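Single-structure report; data block below.
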Amino acid sequence: MPASPRRIVLTGATSGIGRALALEYAKPGRQLFLSGRDEERLATISALCRDKGAQVSATRLDVRDQVAMKSWIAASAATAPLDLAIGCAGVSASSRRVGGRDLPETLADTERLLEVNAMGAIRFAILAAESMLPHGRGQIALISSIAAYHGLPSSPAYCASKAAVRVHARALRHLLAPSGIKVNVICPGYVDTPMSRRLRGAQPLRWTSARAARGIVRALERDKPEYAFPWPLTLGLRILNFLPDALARFFLHGFAFDVDPDQESPLSRTRN
Ligand SMILES: NC(=O)c1ccc[n+]([C@@H]2O[C@H](COP(=O)([O-])OP(=O)(O)OC[C@H]3O[C@@H](n4cnc5c(N)ncnc54)[C@H](OP(=O)(O)O)[C@@H]3O)[C@@H](O)[C@H]2O)c1
């Protein structure tokens with residue numbers, strides 16, 4: 001694989017971390033295959049990347065649509081093999097309080113989180129790997145979260161979706177190493193994006209999306225199997241796994257939050 005990837009496919013390019021990654025990679029000599037669902041924001045990020053000298057192809061895509069994803073990856077790899085595939089698309093939701101009782105995310109949100117965050121990313125990794133395998137080279141990176149390290153009561157399904165991505169990517173890395181394909185997983189802490197702006201709660205050590213993108217690009221260049229940031233939060237969450245349950249629950253109060261429902265959440269319909 002070339003040290004600097006030339007042909008890059010990216011999901012979730014229309015906002016937040018994915019958008020910042022697209023801008024970070026946008027350079028002359030690079031071909032970016034960007035996807036997202038929002039047509040207007042897709043056009044905007046594509047224009048910005050073209051202004052920076054990259055060749056851009058933009059595709060409206062829902063990561064839940066396997067057929068569309070398959071044809072997007074095939075089309076992106078049609079003229080030359082892909083160097084790098086980054087799965088960034090994701091959604092969030094939180095537990096709720098109903099009649100004085102705590103409940104996890106709604107069933108509809110739970111299914112959506114698992115379908116978009118976990119299956120969307122894993123589907124993307126498998127299809128990207130299938131496209132890279134005949135060439136014996138390529139790199140696949142999936143965006144998980146530090147929420148993958150310990151189940152947070154504020155968002156059980158989100159944590160489960162990110163843990164699935166993390167473990168799948170780690171396994172895939174070992175599986176595909178003999179075939180010359182690198183797999184990396186990224187576990188961000190709080191990053192300032194439209195997603196984190198819907199989160200009501202403390203967000204210690206929050207990074208800008210540009211800083212996160214620079215860190216991710218560097219980590220991928222170095223082929224870090226797993227890049228988690230910032231390290232104090234990562235360490236804190238990992239340590240929780242070794243504490244007695246009651247003590248872990250005490251510290252978890254520091255990670256309590258609510259997420260304002262997004263447009264697809266059934267809760268946004270009941271609020272509007
Ligand atoms: N921000 C944080 O603090 C943080 C921390 C840890 C991990 N992460 C992870 O980082 C990734 C990016 O998050 P972000 O903070 O940048 O969020 P964001 O600003 O809300 O961006 C989310 C991106 O995902 C895309 N997306 C959502 N649902 C999709 C679907 N069904 N099909 C295709 N694309 C879809 C969105 O595209 P459209 O809007 O065009 O649909 C958008 O481009 C996510 O996987 C998130 O879980 C974020």
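As shown in the structure tokens, the chain order sets the letters A, B, ...; within each chain, residues go from 1, and ligands are also counted from 1 in the order they appear.
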
Check the DSSP output for the backbone and give back, as a PyMOL selection string, the residues of segment 31-155 of chain A in alpha helix (DSSP H).
-> chain A and resi 39-51+66-76+107-113+120-132

Nearby polymer residues, ligand 1, at most 6 Å, only C-alpha atoms and all ligand atoms, as a PyMOL selection string = chain A and resi 12-18+36-38+61-64+88-91+116+143-145+188-196

Please produce, as JSON lines, a per-residue contact table for segment 126-191 of chain A versus segment 220-242 of chain A (criterion: any atom at most 7 Å away, only C-alpha atoms considered), showing the nearest atom pair and its distance in Å to one decimal, sorted by chain then residue number.
{"residue": "A:Ile146", "atom": "CA", "partner": "A:Thr234", "partner_atom": "CA", "distance": 6.1}
{"residue": "A:Tyr149", "atom": "CA", "partner": "A:Arg238", "partner_atom": "CA", "distance": 5.7}
{"residue": "A:His150", "atom": "CA", "partner": "A:Leu237", "partner_atom": "CA", "distance": 6.1}
{"residue": "A:Val183", "atom": "CA", "partner": "A:Pro225", "partner_atom": "CA", "distance": 6.9}
{"residue": "A:Asn184", "atom": "CA", "partner": "A:Pro225", "partner_atom": "CA", "distance": 4.8}
{"residue": "A:Val185", "atom": "CA", "partner": "A:Glu226", "partner_atom": "CA", "distance": 4.8}
{"residue": "A:Ile186", "atom": "CA", "partner": "A:Tyr227", "partner_atom": "CA", "distance": 4.8}
{"residue": "A:Cys187", "atom": "CA", "partner": "A:Ala228", "partner_atom": "CA", "distance": 4.4}
{"residue": "A:Pro188", "atom": "CA", "partner": "A:Phe229", "partner_atom": "CA", "distance": 5.3}
{"residue": "A:Gly189", "atom": "CA", "partner": "A:Phe229", "partner_atom": "CA", "distance": 5.6}

Counting only C-alpha atoms, what is within 12 Å of Ser179 of chain A, bar same-chain residues fewer than 4 positions away, as number ranges by chain?
-> A: 1, 129-130, 132-139, 172-175, 183

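The smallest atom-to-atom distance between Ala22 of chain A and any of A:Lys52, A:Arg60, A:Arg112, A:Arg96, using only C-alpha atoms, is found for A:Lys52.
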
Per-residue DSSP, segment 21-261 of chain A, filtered to strand (DSSP E or B), as JSON, numbers by chain = {"A": [31, 32, 33, 34, 35, 36, 55, 56, 57, 58, 59, 60, 84, 85, 86, 87, 96, 97, 98, 101, 102, 103, 138, 139, 140, 141, 142, 143, 181, 182, 183, 184, 185, 186, 187, 188, 191, 192, 199, 200, 207, 208, 226, 227, 228, 229, 258, 259]}

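Of the residues under consideration (A:Leu127, A:Leu23, A:Ile140, A:Leu113), A:Leu113 shows the shortest atom-to-atom contact distance to Ala163 of chain A when counting only C-alpha atoms.
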
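Within 7 Å of segment 199-205 of chain A, once only C-alpha atoms are used and residues closer than 4 positions along the same chain are dropped, the contacting residues are Tyr190, Ala256, Phe257, Asp258, Val259 and Asp260 of chain A.
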
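Closest approach to Glu115 of chain A among A:Val165, A:Val67, A:Ala80, A:Ala148 is made by A:Val165 (distances from only C-alpha atoms).
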